[in-house]
Every structure is written in C-alpha cells, then in structure tokens.
Amino acid sequence: MINFTPIVRPWFLKRVKESESWLHRTREVQTRELDHLLAVGRRTLWGVEHGLEEAWDYDSFRKALPKPVTYPELRPWIMRMIEGEKDILWEGVTMNYAQSSGTSDGKSKYIPITDESFHRAHYKGGADVVAHYLNLYPDSHIFAGKSFILGGSFANELSLNPGVRVGDLSANLIENINPIANMVRVPSKETALMQDWLTKLPALVEESLHEDITNISGVPSWFLTVLKEVMKRAGAGCIQDVWPNLEVFFHGGISMEPYRDQYAKITSSSMRYLETYNASEGFFAVQNAIDDHSMLLLLDCGTFYEFIPIDQVDSEYPEILPAWKVEQGEVYALVITSCNGLWRYPIGDTVRIESVDPLKITIAGRTKNYINAFGEELMVQNAEAALTKVCHELGCEIANYTAAPVYAADNRRGRHEWLIEFVREPESVELFAELLDKALQQENSDYEAKRSHGIFLDPLTVIKGKRGVFESWLAATGKLGGQRKVPRLSNSRHPMDEILEFNR
C-alpha cells in the first residue's frame, strides 16, 4: 500500500496550529461556541419553553437555565425526537442515538447524535487525535497501512421509526463514516456491527490477521482480548510479529493504567499510546504531549464546557463555572452544552484541571462511580494508581475489579470490599489487600484520615474473582461487548452483590 502519510500530514498539522492559537483565548473561543449553540437553541421547542430566546450571552444563558439539566428532565424531549418530531432539542430530525447503560430510574439512556455533532464533534475530534499524533511523531507511517477500529453494535430495544438507529456510539460512528475511510480500516462494517461476541471475536481475528495494521483504536480491556486472540491464532509472542508496522494505540473509554503492563508484554518497546476522551455526548479532549498523559480540552468541537466543584455535585443549585474560571489542581464535575441538544447537562464524569492555559484535564472518575460512604471521597483515579503500584510490587496482573462499601455492623467498623479477577494472582491475596490499603492511603488523604488508627474504617478486604466472573455478569445484564464497562467504585452494594452471585 502506498504511504499517504507525507501527503496528508500538512492538512492535519494545520489543525494543530489552530489548537495552539487557543493559548490565552479560552474565553473567546468558548464564547464563540456558546453563541452558535444559542443561535440554534432559540429556534427549538426546548429553547422557546426555557427562555433561550432571551439568552444572548453567558450571563443571560445562566439565568435562563439556572441549574444543571438532568437526564430524567431531558428524557421526554428525547423520546419525542426518537418518535420523529423535529426541532425539539436541536434543529431538524435526529436519526441516531447512543445508548448507554441505566439511569437512576433503571431505563436505558439515549443520547442524540445530530448531524452536526457527527461532524463538528466526533469526526472532527477523531481528526484532531490523528493531527496531534502526527505532530508528536514526525516519523509516523500510519497511512501506509490500515486502522483496526474496535467498536460495538446496534441493539434497538424500542419500537422505532424506520431509519432510527440506537446502539453504541462506536456503532453509530462506523455506520455513518465516510465510505472512503472504510477502504483503510478493518474490520468490515458487517463484522464491526455484529452483536454476538462469540461469533464477532473470531471474525475480527480472521479479518485482521493478514492485514497491514499500523494503528488500533478502542477500549483497552476489550482490545487486549482481541490482540491475544490474534497472537494465539498466529502463534506469535508479540503483536508486532503479526503486524510489524503497528505503531500506535489510540485508547479511551477506561483508564489505561491497569493494563499498561499487560500491553507492554505483548507489544514491542516502540509501541506508542495516545489517550482520547470521546464520550457518547461528544469528543472532548486528546493527549497532545508524549510524556504528559493529560489531555487538551477541545474548545471548538461543538461543546461549551462548564464545571461544578466536586463538593457541590449533589446541590440542587451548585456553583457552575465556565472554562475560563476553573483552577489548576481542582476536581470538577463536567457539564456540557453541545450541538447534540444537551443543555447544561452533567455527563457524570469528574475531571482534574491539570493546566488552565492551555486548558488540560485528566479524568478523575464518575460522579456516581466513587466511594464516599464514610467521607473518604475515593475516586477511580486513586484506585487505578494504587492498583498499578501494588501490581508492580507483587508482580501480579488484574483483568477486572469493582469495589463497594461494607457498612459497620456488630463489632466491626465499616470498610471497603474489593472483588478482583486476576490475570496473574499474587502469592497472597491477604498481602495484596494489605498493600492496597496502604497505597490508597498514600493516594487519598481523606481515605488516610478515615483509616488513621482504625478509628473510622477497618482495613479493606479483597475477594478473589473467578475467571470470567465479570464477563458472566455483563452477559447476564445484556451489556457484554462494545463499550460497556464494569462500574469500578460504587457508593452502594449494587452491583457488587449481583456480581458476587456469579462468583459462588
């Protein structure tokens, strides 16, 4: 295949120059995005009912919508969109929806993917990933071969109008991608959109085995399974023995940290990694430095960003800050207004501000995926760092995990309980638990305070998970495959108790 990289590189590097021009201009660039969103919003039924006709700047926008807009508030409007009504939350008729796991009322969540969000958010963000990668690595040859993009499927569970598609974000993106892109990517659209992973996995291996793969994109946990199957089929000890020109993994969806050691064992030392933040609600950020895993917030990709201080997440009327007022080092819940018709919508992620100019973030966790049962505010970011440290120390590997509180009873104080499925087990699970408890105290001062002298919290406990226990639970809940994830930290015993039923 001809190496097209030198031909397309100048076009991509123009985009890098645009992002470099954001320096000292966060407010200006974000205000321009809000102006466009409000111009469209005024013409929608949502906008008319919620006073967007009077919203002409940030201050009047905040007055029109004085508090975050939750999904239960949006659900009836989105259902009208699915039924074919136009100009509801965004202009026109919307035919594509990203389906995510449950909301508080137990129903699936449907995120509109408008024509504008396809192009101004998701595809533009994807191009930004490539642009920043080519800028970081001038020796790249990624357009000399093919991309292996791992995605989910459609799983329409509604009585839908003809043409309406509901499924994983990745399925919607693959379905609507420019046909030219299909010439340089694997697998085929038919295989990529398969629902049954028992048949999909061998098909993925078969279609990719003899291709010249230069880059892969997907969720680390799922791609690890696919790569191991490819190597097994080829009888290879390293994935570059199968694809010698593979140079980069564009990853997102979950933290890469627990998987880095496992990827290091199946890839050559030249393998590169670039983190992305592409959610159902939009494409938000991309890593733009080699030795810095924080991500540059994409200021002109159809999203206006706001931030709620973490200690006000549960407030009905929290303080909500625009992007130009956040502080470095602080953790916030992310709120978006975007060209998919979401207005002041908290997406459920928490982010840490690593730099304010340029505005760079790391993902700290989920607003509902952390443990604060005892005032410890343990976030996924803390858990991942502690697990990585202990695994290094004991030479073990983790496939999956979840953690939940055990509340005080009888003569026992409260504690955290962890269910961990190991790829390679430690010699002593009890020692693993002891070291994990210490590592968490090092990572989180609130947890350390609650554990101090054993006054408030007992040491955590670890339950060894059976091989495949998490996959069994995901399959039983209908969430196996694609971008479905195991909840890492929970403030309640759900889903821990459900998963433990599969561990008997």
# chains A, B, ... in the order shown; residues from 1 in each chain; ligands from 1
>>> select_by_dssp(residues="segment 167-382 of chain A", states="helix (DSSP H, G or I)", output="NGL selection string")
:A and (169-176 or 179-184 or 189-192 or 197-208 or 220-234 or 239-242 or 257-266 or 310-312 or 323-325 or 380-382)
>>> select_by_dssp(residues="segment 225-314 of chain A", states="strand (DSSP E or B)", output="list in words")
Val248, Phe249, Phe250, His251, Arg272, Tyr273, Leu274, Glu275, Thr276, Tyr277, Asn278, Ala279, Gly282, Phe283, Phe284, Ala285, Val286, Gln287, Met295, Leu296, Leu297, Thr303, Phe304, Tyr305, Glu306, Phe307, Ile308 and Pro309 of chain A
>>> closest_residue(among="A:Leu359, A:Ala439, A:Leu38, A:Ala98", to="Gly152 of chain A", atoms="only C-alpha atoms")
A:Ala98
>>> closest_atom_pairs(of="segment 174-220 of chain A", to="segment 226-229 of chain A", cutoff="8 Å", atoms="only C-alpha atoms", output="JSON lines")
{"residue": "A:Leu201", "atom": "CA", "partner": "A:Val226", "partner_atom": "CA", "distance": 6.8}
{"residue": "A:Leu204", "atom": "CA", "partner": "A:Val226", "partner_atom": "CA", "distance": 7.6}
{"residue": "A:Val205", "atom": "CA", "partner": "A:Glu229", "partner_atom": "CA", "distance": 6.8}
>>> write_last_selection(atoms="N, CA, C and O atoms", output="PDB file, in the first residue's frame")
ATOM      1  N   LEU A 201     -15.754 -12.152  17.757  1.00  0.00           N
ATOM      2  CA  LEU A 201     -14.332 -12.229  18.073  1.00  0.00           C
ATOM      3  C   LEU A 201     -13.547 -13.018  17.038  1.00  0.00           C
ATOM      4  O   LEU A 201     -12.533 -12.523  16.511  1.00  0.00           O
ATOM      5  N   LEU A 204     -13.305 -10.966  13.881  1.00  0.00           N
ATOM      6  CA  LEU A 204     -12.330  -9.878  13.988  1.00  0.00           C
ATOM      7  C   LEU A 204     -10.917 -10.395  13.751  1.00  0.00           C
ATOM      8  O   LEU A 204     -10.116  -9.761  13.054  1.00  0.00           O
ATOM      9  N   VAL A 205     -10.611 -11.546  14.332  1.00  0.00           N
ATOM     10  CA  VAL A 205      -9.288 -12.142  14.161  1.00  0.00           C
ATOM     11  C   VAL A 205      -9.053 -12.492  12.698  1.00  0.00           C
ATOM     12  O   VAL A 205      -7.996 -12.190  12.131  1.00  0.00           O
TER      13      VAL A 205
END
>>> closest_atom_pairs(of="segment 441-474 of chain A", to="segment 368-388 of chain A", cutoff="7 Å", atoms="only C-alpha atoms", output="Markdown table")
| residue | atom | partner | partner_atom | distance |
| --- | --- | --- | --- | --- |
| A:Glu443 | CA | A:Asn382 | CA | 5.6 |
| A:Asn444 | CA | A:Asn382 | CA | 6.5 |
| A:Asp446 | CA | A:Glu376 | CA | 4.7 |
| A:Tyr447 | CA | A:Glu376 | CA | 4.6 |
| A:Lys450 | CA | A:Glu376 | CA | 6.6 |
>>> closest_atom_pairs(of="segment 221-324 of chain A", to="segment 56-77 of chain A", cutoff="9 Å", atoms="only C-alpha atoms", output="tab-separated table")
residue	atom	partner	partner_atom	distance
A:Glu316	CA	A:Lys67	CA	7.0
A:Tyr317	CA	A:Lys67	CA	5.3
A:Pro318	CA	A:Lys67	CA	7.1
A:Glu319	CA	A:Lys67	CA	8.7
A:Ile320	CA	A:Lys67	CA	8.2
A:Pro322	CA	A:Tyr58	CA	8.9
>>> residues_around(residues="Thr44 of chain A", least_positions_apart="5", cutoff="7 Å", atoms="only C-alpha atoms", output="MDAnalysis selection string")
chainID A and resid 87:91
>>> write_last_selection(atoms="N, CA, C and O atoms", output="PDB file, in the first residue's frame")
ATOM      1  N   ASP A  87     -36.943  19.726  15.484  1.00  0.00           N
ATOM      2  CA  ASP A  87     -36.676  20.976  16.195  1.00  0.00           C
ATOM      3  C   ASP A  87     -37.048  20.881  17.675  1.00  0.00           C
ATOM      4  O   ASP A  87     -37.636  21.806  18.249  1.00  0.00           O
ATOM      5  N   ILE A  88     -36.710  19.768  18.307  1.00  0.00           N
ATOM      6  CA  ILE A  88     -37.037  19.589  19.723  1.00  0.00           C
ATOM      7  C   ILE A  88     -35.909  20.136  20.608  1.00  0.00           C
ATOM      8  O   ILE A  88     -36.020  21.228  21.153  1.00  0.00           O
ATOM      9  N   LEU A  89     -34.823  19.400  20.735  1.00  0.00           N
ATOM     10  CA  LEU A  89     -33.655  19.899  21.477  1.00  0.00           C
ATOM     11  C   LEU A  89     -32.621  20.524  20.559  1.00  0.00           C
ATOM     12  O   LEU A  89     -31.787  21.321  20.992  1.00  0.00           O
ATOM     13  N   TRP A  90     -32.657  20.119  19.286  1.00  0.00           N
ATOM     14  CA  TRP A  90     -31.762  20.662  18.262  1.00  0.00           C
ATOM     15  C   TRP A  90     -32.549  20.745  16.967  1.00  0.00           C
ATOM     16  O   TRP A  90     -33.593  20.108  16.811  1.00  0.00           O
ATOM     17  N   GLU A  91     -32.050  21.540  16.027  1.00  0.00           N
ATOM     18  CA  GLU A  91     -32.813  21.750  14.805  1.00  0.00           C
ATOM     19  C   GLU A  91     -32.864  20.494  13.954  1.00  0.00           C
ATOM     20  O   GLU A  91     -31.939  19.684  13.933  1.00  0.00           O
TER      21      GLU A  91
END
>>> residues_around(residues="Glu471 of chain A", least_positions_apart="3", cutoff="12 Å", atoms="only C-alpha atoms", output="CSV table (one decimal) with N, CA, C and O atoms, in the first residue's frame")
chain,number,residue,atom,x,y,z
A,197,TRP,N,-20.7,-11.5,20.5
A,197,TRP,CA,-19.2,-11.5,20.6
A,197,TRP,C,-18.6,-12.9,20.4
A,197,TRP,O,-17.4,-13.0,20.1
A,221,SER,N,-9.5,-2.7,27.6
A,221,SER,CA,-9.8,-4.0,28.1
A,221,SER,C,-10.3,-4.9,27.0
A,221,SER,O,-9.9,-6.1,26.9
A,222,TRP,N,-11.1,-4.4,26.1
A,222,TRP,CA,-11.7,-5.3,25.1
A,222,TRP,C,-10.6,-5.5,24.0
A,222,TRP,O,-10.5,-6.6,23.5
A,225,THR,N,-8.2,-8.4,24.8
A,225,THR,CA,-8.7,-9.8,24.4
A,225,THR,C,-8.5,-10.1,23.0
A,225,THR,O,-8.1,-11.2,22.6
A,399,ALA,N,-7.4,-8.4,35.7
A,399,ALA,CA,-8.3,-8.4,34.5
A,399,ALA,C,-9.4,-7.4,34.7
A,399,ALA,O,-9.8,-6.7,33.8
A,400,ASN,N,-10.0,-7.4,35.9
A,400,ASN,CA,-11.2,-6.6,36.2
A,400,ASN,C,-11.3,-6.4,37.7
A,400,ASN,O,-10.9,-7.3,38.5
A,401,TYR,N,-12.1,-5.4,38.1
A,401,TYR,CA,-12.3,-5.2,39.5
A,401,TYR,C,-13.5,-4.3,39.7
A,401,TYR,O,-13.9,-3.6,38.9
A,421,GLU,N,-10.6,-9.9,39.8
A,421,GLU,CA,-10.3,-11.0,38.9
A,421,GLU,C,-8.8,-10.8,38.4
A,421,GLU,O,-8.6,-9.8,37.7
A,465,GLY,N,-11.8,-13.0,42.4
A,465,GLY,CA,-12.9,-13.3,41.5
A,465,GLY,C,-12.5,-14.6,40.6
A,465,GLY,O,-11.4,-14.8,40.2
A,466,LYS,N,-13.5,-15.4,40.3
A,466,LYS,CA,-13.3,-16.5,39.4
A,466,LYS,C,-13.0,-16.0,38.0
A,466,LYS,O,-13.4,-14.9,37.7
A,467,ARG,N,-12.3,-16.8,37.2
A,467,ARG,CA,-12.0,-16.4,35.9
A,467,ARG,C,-13.3,-16.2,35.1
A,467,ARG,O,-14.2,-17.0,35.0
A,468,GLY,N,-13.5,-15.0,34.5
A,468,GLY,CA,-14.7,-14.7,33.7
A,468,GLY,C,-15.9,-14.2,34.5
A,468,GLY,O,-17.0,-14.0,33.9
A,474,LEU,N,-21.8,-9.2,33.0
A,474,LEU,CA,-22.1,-8.3,31.9
A,474,LEU,C,-23.0,-9.0,30.9
A,474,LEU,O,-24.0,-8.4,30.4
A,475,ALA,N,-22.8,-10.3,30.6
A,475,ALA,CA,-23.6,-11.0,29.7
A,475,ALA,C,-25.0,-11.2,30.2
A,475,ALA,O,-26.0,-11.0,29.5
A,476,ALA,N,-25.1,-11.4,31.5
A,476,ALA,CA,-26.5,-11.6,32.1
A,476,ALA,C,-27.3,-10.3,32.1
A,476,ALA,O,-28.5,-10.3,32.1
A,477,THR,N,-26.6,-9.1,32.1
A,477,THR,CA,-27.3,-7.9,32.1
A,477,THR,C,-27.4,-7.3,30.7
A,477,THR,O,-27.9,-6.2,30.6
A,478,GLY,N,-27.0,-8.1,29.7
A,478,GLY,CA,-27.1,-7.6,28.4
A,478,GLY,C,-26.1,-6.6,28.0
A,478,GLY,O,-26.3,-5.8,27.0
A,479,LYS,N,-25.0,-6.4,28.7
A,479,LYS,CA,-24.0,-5.4,28.4
A,479,LYS,C,-22.7,-5.9,28.0
A,479,LYS,O,-21.7,-5.1,27.9
A,480,LEU,N,-22.6,-7.1,27.6
A,480,LEU,CA,-21.3,-7.7,27.2
A,480,LEU,C,-20.9,-7.1,25.8
A,480,LEU,O,-21.7,-7.2,24.9
A,481,GLY,N,-19.7,-6.6,25.6
A,481,GLY,CA,-19.2,-6.2,24.3
A,481,GLY,C,-19.2,-4.7,24.2
A,481,GLY,O,-19.7,-3.9,25.0
A,484,ARG,N,-19.3,-1.3,26.8
A,484,ARG,CA,-19.9,-1.5,28.1
A,484,ARG,C,-18.7,-1.7,29.1
A,484,ARG,O,-17.7,-2.3,28.8
A,485,LYS,N,-19.0,-1.1,30.3
A,485,LYS,CA,-17.9,-1.2,31.3
A,485,LYS,C,-18.4,-1.7,32.6
A,485,LYS,O,-19.6,-1.6,33.0
A,486,VAL,N,-17.5,-2.3,33.4
A,486,VAL,CA,-17.8,-2.7,34.8
A,486,VAL,C,-17.7,-1.4,35.7
A,486,VAL,O,-16.7,-0.7,35.6
A,499,ILE,N,-22.7,-9.2,41.2
A,499,ILE,CA,-21.5,-9.9,40.6
A,499,ILE,C,-21.1,-11.0,41.5
A,499,ILE,O,-20.7,-12.1,41.0
A,502,PHE,N,-22.3,-14.4,40.9
A,502,PHE,CA,-21.7,-15.2,39.8
A,502,PHE,C,-20.3,-15.7,40.2
A,502,PHE,O,-19.6,-16.4,39.5
A,503,ASN,N,-19.9,-15.4,41.5
A,503,ASN,CA,-18.6,-15.8,42.0
A,503,ASN,C,-18.7,-17.0,42.9
A,503,ASN,O,-17.7,-17.4,43.6
>>> residues_around(residues="Tyr332 of chain A", least_positions_apart="5", cutoff="12 Å", atoms="only C-alpha atoms", output="MDAnalysis selection string")
chainID A and resid 305:313 318:323 325:327 346:354 361:367
>>> write_last_selection(atoms="C-alpha atoms", output="PDB file, in the first residue's frame")
ATOM      1  CA  TYR A 305     -17.899  23.367  28.882  1.00  0.00           C
ATOM      2  CA  GLU A 306     -18.843  24.184  32.457  1.00  0.00           C
ATOM      3  CA  PHE A 307     -17.592  22.775  35.735  1.00  0.00           C
ATOM      4  CA  ILE A 308     -19.172  22.051  39.126  1.00  0.00           C
ATOM      5  CA  PRO A 309     -16.815  21.896  42.150  1.00  0.00           C
ATOM      6  CA  ILE A 310     -16.804  18.321  43.407  1.00  0.00           C
ATOM      7  CA  ASP A 311     -18.165  19.271  46.832  1.00  0.00           C
ATOM      8  CA  GLN A 312     -21.274  20.786  45.217  1.00  0.00           C
ATOM      9  CA  VAL A 313     -22.213  17.933  42.902  1.00  0.00           C
ATOM     10  CA  PRO A 318     -24.486  24.327  42.579  1.00  0.00           C
ATOM     11  CA  GLU A 319     -21.921  26.912  41.605  1.00  0.00           C
ATOM     12  CA  ILE A 320     -21.216  26.317  37.911  1.00  0.00           C
ATOM     13  CA  LEU A 321     -18.014  27.719  36.452  1.00  0.00           C
ATOM     14  CA  PRO A 322     -17.186  28.395  32.798  1.00  0.00           C
ATOM     15  CA  ALA A 323     -13.940  27.061  31.362  1.00  0.00           C
ATOM     16  CA  LYS A 325     -12.704  30.320  35.673  1.00  0.00           C
ATOM     17  CA  VAL A 326     -11.503  26.852  36.718  1.00  0.00           C
ATOM     18  CA  GLU A 327      -8.454  26.415  38.934  1.00  0.00           C
ATOM     19  CA  PRO A 346     -23.850  16.907  33.691  1.00  0.00           C
ATOM     20  CA  ILE A 347     -22.424  13.893  31.873  1.00  0.00           C
ATOM     21  CA  GLY A 348     -21.403  12.081  35.054  1.00  0.00           C
ATOM     22  CA  ASP A 349     -17.613  12.416  34.673  1.00  0.00           C
ATOM     23  CA  THR A 350     -15.285  14.215  37.031  1.00  0.00           C
ATOM     24  CA  VAL A 351     -12.102  15.793  35.695  1.00  0.00           C
ATOM     25  CA  ARG A 352      -8.991  17.232  37.266  1.00  0.00           C
ATOM     26  CA  ILE A 353      -7.678  20.502  35.840  1.00  0.00           C
ATOM     27  CA  GLU A 354      -4.005  19.887  35.114  1.00  0.00           C
ATOM     28  CA  ILE A 361      -7.537  17.713  32.040  1.00  0.00           C
ATOM     29  CA  THR A 362      -7.314  14.164  33.296  1.00  0.00           C
ATOM     30  CA  ILE A 363     -10.367  12.045  34.023  1.00  0.00           C
ATOM     31  CA  ALA A 364     -10.758  11.675  37.787  1.00  0.00           C
ATOM     32  CA  GLY A 365     -13.735   9.305  37.768  1.00  0.00           C
ATOM     33  CA  ARG A 366     -17.504   9.356  37.795  1.00  0.00           C
ATOM     34  CA  THR A 367     -19.815  11.465  39.919  1.00  0.00           C
TER      35      THR A 367
END
>>> atom_distance(atom1="atom CA of Lys438 of chain A", atom2="atom CA of Lys464 of chain A")
18.8 Å
>>> atom_distance(atom1="atom CA of Thr402 of chain A", atom2="atom CA of Leu419 of chain A")
5.5 Å
>>> residues_around(residues="Ile216 of chain A", least_positions_apart="3", cutoff="9 Å", atoms="only C-alpha atoms", output="list in words")
Lys146, Ser147, Phe148, Ile149, Leu150, Ile213, Phe223, Leu246, Glu247, Val248, Phe249, Phe250 and His251 of chain A
>>> write_last_selection(atoms="N, CA, C and O atoms", output="PDB file, in the first residue's frame")
ATOM      1  N   LYS A 146      -3.434   0.042   7.443  1.00  0.00           N
ATOM      2  CA  LYS A 146      -4.838   0.174   7.824  1.00  0.00           C
ATOM      3  C   LYS A 146      -5.012   0.386   9.319  1.00  0.00           C
ATOM      4  O   LYS A 146      -4.153   0.031  10.118  1.00  0.00           O
ATOM      5  N   SER A 147      -6.169   0.950   9.661  1.00  0.00           N
ATOM      6  CA  SER A 147      -6.568   1.135  11.048  1.00  0.00           C
ATOM      7  C   SER A 147      -7.462  -0.025  11.471  1.00  0.00           C
ATOM      8  O   SER A 147      -8.336  -0.453  10.706  1.00  0.00           O
ATOM      9  N   PHE A 148      -7.253  -0.507  12.676  1.00  0.00           N
ATOM     10  CA  PHE A 148      -8.127  -1.519  13.258  1.00  0.00           C
ATOM     11  C   PHE A 148      -8.943  -0.804  14.341  1.00  0.00           C
ATOM     12  O   PHE A 148      -8.419  -0.441  15.383  1.00  0.00           O
ATOM     13  N   ILE A 149     -10.221  -0.588  14.053  1.00  0.00           N
ATOM     14  CA  ILE A 149     -11.096   0.144  14.965  1.00  0.00           C
ATOM     15  C   ILE A 149     -12.078  -0.834  15.581  1.00  0.00           C
ATOM     16  O   ILE A 149     -12.874  -1.471  14.870  1.00  0.00           O
ATOM     17  N   LEU A 150     -12.027  -0.961  16.887  1.00  0.00           N
ATOM     18  CA  LEU A 150     -12.877  -1.902  17.593  1.00  0.00           C
ATOM     19  C   LEU A 150     -14.072  -1.166  18.169  1.00  0.00           C
ATOM     20  O   LEU A 150     -13.919  -0.213  18.931  1.00  0.00           O
ATOM     21  N   ILE A 213      -1.699  -3.692   9.617  1.00  0.00           N
ATOM     22  CA  ILE A 213      -2.285  -2.783  10.599  1.00  0.00           C
ATOM     23  C   ILE A 213      -1.202  -1.855  11.140  1.00  0.00           C
ATOM     24  O   ILE A 213      -0.175  -2.303  11.646  1.00  0.00           O
ATOM     25  N   PHE A 223      -9.769  -4.528  23.707  1.00  0.00           N
ATOM     26  CA  PHE A 223      -8.765  -4.739  22.669  1.00  0.00           C
ATOM     27  C   PHE A 223      -7.708  -5.733  23.131  1.00  0.00           C
ATOM     28  O   PHE A 223      -7.137  -6.475  22.320  1.00  0.00           O
ATOM     29  N   LEU A 246       2.661  -1.978  13.106  1.00  0.00           N
ATOM     30  CA  LEU A 246       1.796  -1.390  14.132  1.00  0.00           C
ATOM     31  C   LEU A 246       2.607  -0.440  14.990  1.00  0.00           C
ATOM     32  O   LEU A 246       3.635  -0.820  15.562  1.00  0.00           O
ATOM     33  N   GLU A 247       2.145   0.821  15.118  1.00  0.00           N
ATOM     34  CA  GLU A 247       2.941   1.811  15.847  1.00  0.00           C
ATOM     35  C   GLU A 247       2.201   2.513  16.966  1.00  0.00           C
ATOM     36  O   GLU A 247       2.842   3.063  17.867  1.00  0.00           O
ATOM     37  N   VAL A 248       0.834   2.522  16.981  1.00  0.00           N
ATOM     38  CA  VAL A 248       0.161   3.328  17.995  1.00  0.00           C
ATOM     39  C   VAL A 248      -1.195   2.739  18.360  1.00  0.00           C
ATOM     40  O   VAL A 248      -1.891   2.156  17.525  1.00  0.00           O
ATOM     41  N   PHE A 249      -1.546   2.907  19.633  1.00  0.00           N
ATOM     42  CA  PHE A 249      -2.870   2.551  20.135  1.00  0.00           C
ATOM     43  C   PHE A 249      -3.543   3.840  20.605  1.00  0.00           C
ATOM     44  O   PHE A 249      -3.114   4.481  21.551  1.00  0.00           O
ATOM     45  N   PHE A 250      -4.621   4.239  19.899  1.00  0.00           N
ATOM     46  CA  PHE A 250      -5.455   5.365  20.328  1.00  0.00           C
ATOM     47  C   PHE A 250      -6.518   4.791  21.268  1.00  0.00           C
ATOM     48  O   PHE A 250      -7.424   4.090  20.826  1.00  0.00           O
ATOM     49  N   HIS A 251      -6.409   5.090  22.551  1.00  0.00           N
ATOM     50  CA  HIS A 251      -7.269   4.415  23.513  1.00  0.00           C
ATOM     51  C   HIS A 251      -8.099   5.413  24.310  1.00  0.00           C
ATOM     52  O   HIS A 251      -7.740   6.583  24.473  1.00  0.00           O
TER      53      HIS A 251
END
>>> closest_residue(among="A:Gly341, A:Pro220, A:Pro258, A:Pro187", to="Ile78 of chain A", atoms="only C-alpha atoms")
A:Gly341
>>> closest_residue(among="A:Asn245, A:Ala192, A:Val40, A:Arg233", to="Glu206 of chain A", atoms="only C-alpha atoms")
A:Arg233
>>> residues_around(residues="Asn340 of chain A", least_positions_apart="4", cutoff="10 Å", atoms="only C-alpha atoms", output="number ranges by chain")
A: 37, 89-91, 94, 97, 111-118, 121, 281-282, 302-303
>>> atom_distance(atom1="atom CA of Val230 of chain A", atom2="atom CA of His132 of chain A")
28.5 Å
